[in-house]
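Scroll down for the structure; my scribbles are underneath it.
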Amino acid sequence: MSYENIQLEVLDTALAVITINRPKKLNALNKATIEELHDAFKQADAHTKVKTILLTGSGEKAFVAGADISEFADFSVEAGAELAARGQHILFDFIENLGTPVIAAINGFALGGGLELAMACHFRVASVTAKMGLPEVSLGLIPGYGGTQRLANLVGKGLAMEMILTARMIDAQKALTHGLVNYVVPQEALLGLCKTLAAQIAKNSTQAMAAAIKAVNANFKHSVDGYAVEINAFGNCFGTADFKEGTTAFLEKRKAKFSGK
């Protein structure tokens with residue numbers, strides 16, 4: 001399937017690469033792009049050979065420089081709430097709860113909805129040129145795609161409050177220091193490192209990784225006992241073909257050959 005605002009490529013290495021391709025708009029998110037991203041993630045997750053998804057932006061200036069403000073400048077209260085609710089449901093929460101691991105390759109500005117999109121991914125790798133921030137209060141808004149929640153979970157309440165209330169950007173090194181990103185590398189090494197990480201992920205059980213994602217996410221959901229989710233998911237692993245293959249391979253001192261999705 002072809003898209004207007006993004007590109008989806010499935011590589012032979014069990015990696016799907018999704019690239020937001022709106023360079024003239026610094027890859028800003030509009031409603032059409034959010035819908036296309038939802039569809040692309042759904043396709044990649046369903047692909048039997050894909051074990052990791054890499055999300056990045058086109059060019060070297062921006063991952064996603066924010067939301068397309070021209071689309072909602074005249075919205076009512078009701079329309080604004082619906083925009084946030086739908087976006088969270090079909091894209092941001094959707095990515096966070098996807099069973100296939102998702103890596104964000106932050107190749108430049110990740111601002112507003114762009115940082116929220118990166119934070120919805122399972123972990124993040126940034127180029128040294130990356131800048132991150134949630135500047136919504138400078139527009140009379142607040143983050144609406146989960147940013148107030150995910151940023152505090154990742155960097156702590158104090159820094160999250162500072163970033164949101166000052167609307168200032170932080171650089172990649174500060175993001176690394178505070179756990180917002182996992183790695184910082186030169187721009188030319190960004191995709192290479194992400195592909196190396198994806199290759200390491202591809203060696204593992206897709207069923208176990210999906211269960212691990214669900215268990216980790218449970219810790220951040222209100223009224224959910226993450227320990228109970230972990231116990232249940234752990235037990236379910238014993239009924240999978242991947243468990244039998246993994247333990248047999250270990251005992252036979254060979255590399256496991258997992259069945260895939």
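Naming scheme: A, B, ... for chains in displayed order of the structure tokens; residues 1 onward per chain; ligands 1 onward as shown.
Summary of the local environment: counting only C-alpha atoms, residues at most 9 Å from stretch 209-211 of chain A, other than itself and those fewer than 5 positions away along its chain, are Asn97, Leu98, Gly99, Thr100, Pro101, Ile201, Asn204, Val216, Glu230, Ala233, Phe234, Asn236 and Cys237 of chain A.
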TODO: Identify, on the basis of only C-alpha atoms, every residue whose closest approach to A:Arg124 does not exceed 8 Å; exclude the query and any residue fewer than 3 positions from it along the same chain; express the result as number ranges by chain.
DONE: A: 103-106, 118-119, 121, 180-183
Task: Which of stretch 31-192 of chain A fall in alpha helix (DSSP H), as a VMD selection string - done: chain A and resid 31 to 46 77 to 87 93 to 96 113 to 120 147 to 155 157 to 166 172 to 177 190 to 192
Could you pull out the strand (DSSP E) residues of stretch 23-258 of chain A from DSSP and send them as a CSV table (one decimal) with N, CA and C atoms, in the first residue's frame?
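As written to disk, part_39.csv reads:
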```csv
chain,number,residue,atom,x,y,z
A,52,THR,N,10.8,-6.3,14.5
A,52,THR,CA,11.0,-4.9,15.1
A,52,THR,C,10.6,-3.9,14.1
A,53,ILE,N,10.1,-2.8,14.6
A,53,ILE,CA,9.7,-1.6,13.8
A,53,ILE,C,10.5,-0.4,14.2
A,54,LEU,N,11.1,0.2,13.2
A,54,LEU,CA,11.9,1.4,13.4
A,54,LEU,C,11.1,2.6,12.8
A,55,LEU,N,10.9,3.7,13.7
A,55,LEU,CA,10.2,4.9,13.3
A,55,LEU,C,11.2,6.0,13.2
A,56,THR,N,11.2,6.8,12.1
A,56,THR,CA,12.1,7.9,12.0
A,56,THR,C,11.4,9.0,11.1
A,57,GLY,N,12.1,10.1,11.0
A,57,GLY,CA,11.6,11.2,10.1
A,57,GLY,C,12.5,11.4,8.9
A,62,ALA,N,14.5,17.1,11.2
A,62,ALA,CA,13.4,16.8,12.1
A,62,ALA,C,13.0,15.3,12.1
A,63,PHE,N,12.7,14.8,13.3
A,63,PHE,CA,12.0,13.6,13.5
A,63,PHE,C,10.5,13.9,13.2
A,64,VAL,N,9.9,14.7,14.1
A,64,VAL,CA,8.6,15.3,13.9
A,64,VAL,C,8.7,16.6,14.7
A,102,VAL,N,9.1,-1.4,19.1
A,102,VAL,CA,9.2,-0.2,18.3
A,102,VAL,C,10.3,0.7,18.8
A,103,ILE,N,11.3,1.0,17.9
A,103,ILE,CA,12.4,1.9,18.2
A,103,ILE,C,12.2,3.2,17.5
A,104,ALA,N,12.3,4.3,18.2
A,104,ALA,CA,12.2,5.7,17.6
A,104,ALA,C,13.7,6.1,17.3
A,105,ALA,N,14.0,6.4,16.1
A,105,ALA,CA,15.3,7.0,15.7
A,105,ALA,C,15.1,8.5,15.5
A,106,ILE,N,15.4,9.3,16.6
A,106,ILE,CA,15.2,10.7,16.6
A,106,ILE,C,16.3,11.4,15.9
A,109,PHE,N,14.7,17.6,15.3
A,109,PHE,CA,13.7,18.1,16.3
A,109,PHE,C,12.6,17.1,16.6
A,110,ALA,N,12.3,16.9,17.8
A,110,ALA,CA,11.2,16.1,18.3
A,110,ALA,C,10.4,17.0,19.3
A,111,LEU,N,9.5,17.7,18.8
A,111,LEU,CA,8.8,18.7,19.6
A,111,LEU,C,7.3,18.4,19.6
A,123,PHE,N,11.5,2.3,23.0
A,123,PHE,CA,12.7,3.0,23.5
A,123,PHE,C,13.2,3.9,22.3
A,124,ARG,N,14.1,4.8,22.6
A,124,ARG,CA,14.5,5.8,21.7
A,124,ARG,C,16.0,5.9,21.6
A,125,VAL,N,16.5,6.2,20.3
A,125,VAL,CA,17.9,6.5,20.0
A,125,VAL,C,17.9,7.8,19.3
A,126,ALA,N,18.8,8.7,19.8
A,126,ALA,CA,18.8,10.1,19.2
A,126,ALA,C,20.2,10.4,18.6
A,127,SER,N,20.1,11.2,17.6
A,127,SER,CA,21.4,11.8,17.0
A,127,SER,C,21.8,12.9,17.9
A,131,LYS,N,16.9,17.7,19.2
A,131,LYS,CA,16.4,18.6,20.2
A,131,LYS,C,15.0,18.2,20.6
A,132,MET,N,14.7,18.1,21.9
A,132,MET,CA,13.4,17.6,22.3
A,132,MET,C,12.7,18.6,23.2
A,133,GLY,N,11.4,18.7,23.1
A,133,GLY,CA,10.6,19.5,24.0
A,133,GLY,C,9.1,19.4,23.8
A,170,ILE,N,15.4,20.5,25.2
A,170,ILE,CA,16.7,20.0,25.8
A,170,ILE,C,17.4,19.3,24.7
A,171,ASP,N,18.7,19.3,24.8
A,171,ASP,CA,19.5,18.6,23.8
A,171,ASP,C,19.6,17.1,24.1
A,183,TYR,N,20.3,6.0,23.8
A,183,TYR,CA,21.6,6.2,23.2
A,183,TYR,C,21.6,7.5,22.5
A,184,VAL,N,22.8,8.1,22.4
A,184,VAL,CA,23.0,9.3,21.5
A,184,VAL,C,24.2,9.0,20.7
A,185,VAL,N,24.1,9.2,19.4
A,185,VAL,CA,25.1,8.8,18.4
A,185,VAL,C,25.2,9.9,17.3
```
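Put simply, atom CA of A:Ile164 is 6.5 Å away from atom CA of A:Pro135.
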Stretch 86-93 of chain A surroundings by only C-alpha atoms, 7 Å radius, close-in-sequence under 4 positions cut, as a compact mmCIF listing (two decimals) with all heavy atoms, in the first residue's frame:
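The resulting file, selection_9.txt, is shown below:
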```
# COMPACT_ATOMS: atom_id res chain seq x y z
N ILE A 34 -1.43 10.87 10.91
CA ILE A 34 -1.74 10.00 12.06
C ILE A 34 -2.50 8.77 11.59
O ILE A 34 -2.21 7.65 12.02
CB ILE A 34 -2.53 10.79 13.12
CG1 ILE A 34 -1.57 11.77 13.83
CG2 ILE A 34 -3.19 9.86 14.13
CD1 ILE A 34 -2.25 12.71 14.80
N HIS A 38 -1.08 4.90 11.76
CA HIS A 38 -1.84 3.80 12.38
C HIS A 38 -1.90 2.60 11.46
O HIS A 38 -1.64 1.46 11.87
CB HIS A 38 -3.26 4.27 12.72
CG HIS A 38 -4.18 3.14 13.11
ND1 HIS A 38 -4.17 2.56 14.36
CD2 HIS A 38 -5.11 2.46 12.38
CE1 HIS A 38 -5.05 1.58 14.39
NE2 HIS A 38 -5.64 1.51 13.21
N GLU A 82 -11.79 15.79 21.15
CA GLU A 82 -11.92 14.65 20.23
C GLU A 82 -10.61 14.41 19.48
O GLU A 82 -10.22 13.26 19.25
CB GLU A 82 -13.06 14.91 19.25
CG GLU A 82 -13.18 13.89 18.12
CD GLU A 82 -13.40 12.46 18.59
OE1 GLU A 82 -13.90 12.27 19.71
OE2 GLU A 82 -13.05 11.52 17.83
N ASN A 97 1.25 -0.10 23.12
CA ASN A 97 0.75 -1.43 23.45
C ASN A 97 0.95 -2.45 22.34
O ASN A 97 0.46 -3.58 22.46
CB ASN A 97 -0.73 -1.34 23.83
CG ASN A 97 -0.94 -0.54 25.11
OD1 ASN A 97 -0.43 -0.91 26.16
ND2 ASN A 97 -1.66 0.56 25.02
N LEU A 117 5.16 11.25 20.20
CA LEU A 117 5.23 10.07 19.34
C LEU A 117 6.45 9.22 19.69
O LEU A 117 6.36 8.00 19.81
CB LEU A 117 5.27 10.49 17.87
CG LEU A 117 5.27 9.38 16.82
CD1 LEU A 117 4.02 8.51 16.94
CD2 LEU A 117 5.37 9.98 15.42
N ALA A 120 5.97 7.32 22.89
CA ALA A 120 5.06 6.18 22.79
C ALA A 120 5.78 4.92 22.32
O ALA A 120 5.31 3.81 22.56
CB ALA A 120 3.90 6.51 21.84
N TYR A 145 -1.34 14.36 23.49
CA TYR A 145 -1.18 12.99 23.02
C TYR A 145 -0.39 12.15 24.02
O TYR A 145 0.43 11.32 23.66
CB TYR A 145 -0.49 12.97 21.66
CG TYR A 145 -1.35 13.48 20.52
CD1 TYR A 145 -0.81 14.32 19.53
CD2 TYR A 145 -2.69 13.12 20.41
CE1 TYR A 145 -1.59 14.77 18.48
CE2 TYR A 145 -3.47 13.59 19.36
CZ TYR A 145 -2.92 14.41 18.40
OH TYR A 145 -3.69 14.86 17.35
N GLY A 146 -0.65 12.38 25.32
CA GLY A 146 -0.03 11.58 26.36
C GLY A 146 1.26 12.14 26.90
O GLY A 146 1.91 11.52 27.74
```
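Taking atom CA of A:Thr206 as the reference point, atom CA of A:Leu115 is found at 26.8 Å.
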Task: Long-range neighbours of stretch 23-32 of chain A as a ChimeraX atom specification, 8 Å cut-off, only C-alpha atoms, 6 positions minimum in chain - done: /A:5,57-59,61-68,71,113-114
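Reported to one decimal place, the separation of atom CA of A:Arg150 from atom CA of A:Glu116 is 7.7 Å.
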Open item on the list: So that I can see what lies close to A:Asn219, please list as a list of chain:residue names the residues with an atom at most 10 Å from it, counting only C-alpha atoms and leaving out residues fewer than 6 positions away in the same chain.
Closed with: A:Asp225, A:Gly226, A:Tyr227, A:Val229, A:Glu230
TODO: Name the closest residue to A:Lys255 among the candidates A:Met169, A:Ala46, A:Ala215, A:Lys203; distances are taken between atoms, counting only C-alpha atoms.
DONE: A:Lys203
TODO: Would you kindly return, as number ranges by chain, each protein, DNA or RNA residue with an atom no farther than 12 Å from any atom of A:Gln200, considering only C-alpha atoms and excluding same-chain residues fewer than 6 positions away?
DONE: A: 13-15, 51-52, 101, 193-194
Next, write the just-selected residues to a file, as a CSV table (one decimal), in the first residue's frame, keeping N, CA, C and O atoms as the atom set.
```
chain,number,residue,atom,x,y,z
A,13,THR,N,15.8,-8.2,7.0
A,13,THR,CA,16.4,-8.5,8.3
A,13,THR,C,15.3,-8.5,9.4
A,13,THR,O,15.6,-8.3,10.5
A,14,ALA,N,14.1,-8.8,9.0
A,14,ALA,CA,13.0,-8.8,10.0
A,14,ALA,C,12.6,-7.5,10.6
A,14,ALA,O,12.1,-7.4,11.6
A,15,LEU,N,13.1,-6.4,9.9
A,15,LEU,CA,12.8,-5.0,10.3
A,15,LEU,C,11.9,-4.3,9.4
A,15,LEU,O,12.1,-4.3,8.2
A,51,LYS,N,10.0,-8.4,13.1
A,51,LYS,CA,10.2,-8.6,14.6
A,51,LYS,C,10.5,-7.3,15.3
A,51,LYS,O,10.5,-7.3,16.5
A,52,THR,N,10.8,-6.3,14.5
A,52,THR,CA,11.0,-4.9,15.1
A,52,THR,C,10.6,-3.9,14.1
A,52,THR,O,10.6,-4.1,12.9
A,101,PRO,N,8.2,-4.8,19.1
A,101,PRO,CA,9.0,-3.7,19.7
A,101,PRO,C,9.2,-2.6,18.6
A,101,PRO,O,9.4,-2.9,17.5
A,193,LEU,N,23.0,2.0,14.3
A,193,LEU,CA,22.8,1.5,15.6
A,193,LEU,C,21.4,0.9,15.8
A,193,LEU,O,21.2,-0.1,16.4
A,194,CYS,N,20.4,1.6,15.3
A,194,CYS,CA,19.0,1.1,15.4
A,194,CYS,C,18.9,-0.2,14.8
A,194,CYS,O,18.2,-1.1,15.3
```
